[in-house]
Amino acid sequence: MKDEVPNLKDFDQRLRDEAHEDLADVIAEEPTSKTQIIAIYGKGGIGKSFTLANLSHMMAEQGKRVLLIGCDPKSDTTSLLFGGKACPTIIETSTQKKLAGEDVKIGDVCFKRGGVFAMELGGPEVGRGCGGRGIIHGFELLEKLGFHDWDFDYVLLDFLGDVVCGGFGLPIARDMAQKVILVASNDLQSLYVANNVCSAVEYFRKLGGNVGVAGLVINKDDGTGEAEAFANAVDIPILAAIPQDDDLRKKSANYQIVGTSASQWGDLFAGLGDAVAMAPPVRPTPLDQDGLLGLFDAEETGGNVTLVPASDEDMRGKNAIEKQSLEVVYDNV
């Protein structure tokens, strides 16, 4: 009878070991979880919405169940998917329904096209609230709508990367996503943002988090190679390189979907869809400022500038007055 009593001390230790297991270091195969939640980050205007609208459309065309959630206060994620039409945001709809004494329903905020389910969290009006807090509030509403019971193969979260407050870092800080995808181009500012996100991932990994970076999508690739050099430096893979092409620019500006087999760009986005599905979360090695500048020609970035310290006299300008020294000077005997 005594042998049937479980060893609770060993069981407790196994739970502790499992909780501290570093998933990004041990996952080497395709994730087996039913739903992959993927957060996409990048500089504003770098093409996240273009990339995600076409990626989600292609993944749905490949037979996957996909939910696309816009988490940018600009609410532009779903515009391309819906031909330029802006769908009602969760936050705005929630406010209106609350004033009317009604509950928000799925059909009020979630819409479909090409097999993709899509919605926008939204944000406050300019100068009237915190965008990050709006993101947190939006996810609280999603949970009330049954987010954890939904049946999807992929949930794609489109986040603004420029802002580093806690609301926009939610998927990384709270392990809400399994992995992060970065969108950047061959320019310093977009790679600065991508590096910042890598730094956030590394910071929360040190605190026990498990989110990793699946890789980098190079958008508007002009072939100069800085984004590729960045990916190599921080040790993350390149998932796709979308060329700087006038046809893509025009179609994006006209809200046309190119992530379909009927498009000449279909194979590109099909490859990206496969890469996103298979890419494991890895732990990046973010660069310091000098390392980031080192990816570019010093003549173009000012990387060869020397810092010259300013003096108190420099700061005072014409108000500078000579102060008498308190140093004791002894005559030579």
# chains A, B, ... in the order shown; residues from 1 in each chain; ligands from 1
$ residues_around --residues "segment 111-115 of chain A" --least-positions-apart "4" --cutoff "8 Å" --atoms "only C-alpha atoms" --output "list in words"
His57, Ala60, Glu61, Arg65, Val66, Leu81, Phe82, Cys87, Gly107 and Met119 of chain A
$ residues_around --residues "Gly271 of chain A" --least-positions-apart "5" --cutoff "10 Å" --atoms "only C-alpha atoms" --output "list of chain:residue names"
A:Leu55, A:Met58, A:Leu239, A:Ala240, A:Gly266, A:Val276, A:Ala277
$ write_last_selection --atoms "N, CA, C and O atoms" --output "compact mmCIF listing (two decimals), in the first residue's frame"
# COMPACT_ATOMS: atom_id res chain seq x y z
N LEU A 55 -0.23 37.35 -47.30
CA LEU A 55 0.16 36.10 -46.66
C LEU A 55 -1.06 35.36 -46.16
O LEU A 55 -1.22 34.15 -46.38
N MET A 58 -3.09 33.88 -49.01
CA MET A 58 -2.44 32.71 -49.59
C MET A 58 -2.57 31.50 -48.66
O MET A 58 -2.83 30.37 -49.12
N LEU A 239 12.81 34.70 -44.22
CA LEU A 239 11.66 33.91 -44.65
C LEU A 239 11.28 34.18 -46.10
O LEU A 239 10.79 33.30 -46.79
N ALA A 240 11.48 35.42 -46.54
CA ALA A 240 11.18 35.79 -47.92
C ALA A 240 11.77 37.17 -48.19
O ALA A 240 11.95 37.98 -47.28
N GLY A 266 2.12 34.75 -56.88
CA GLY A 266 1.57 33.68 -56.06
C GLY A 266 2.63 32.75 -55.48
O GLY A 266 2.57 32.38 -54.30
N VAL A 276 6.64 30.42 -43.01
CA VAL A 276 6.04 30.87 -41.75
C VAL A 276 5.52 29.69 -40.94
O VAL A 276 5.67 29.63 -39.72
N ALA A 277 4.92 28.72 -41.63
CA ALA A 277 4.36 27.55 -40.94
C ALA A 277 5.45 26.69 -40.31
O ALA A 277 5.28 26.17 -39.21
$ select_by_dssp --residues "segment 22-254 of chain A" --states "helix (DSSP H, G or I)" --output "count of residues only"
89
$ closest_residue --among "A:Asp108, A:Glu92, A:Glu120, A:Ala100" --to "Cys71 of chain A" --atoms "only C-alpha atoms"
A:Glu120
$ closest_residue --among "A:Ala194, A:Val305, A:Leu272, A:Val211" --to "Arg174 of chain A" --atoms "only C-alpha atoms"
A:Val211
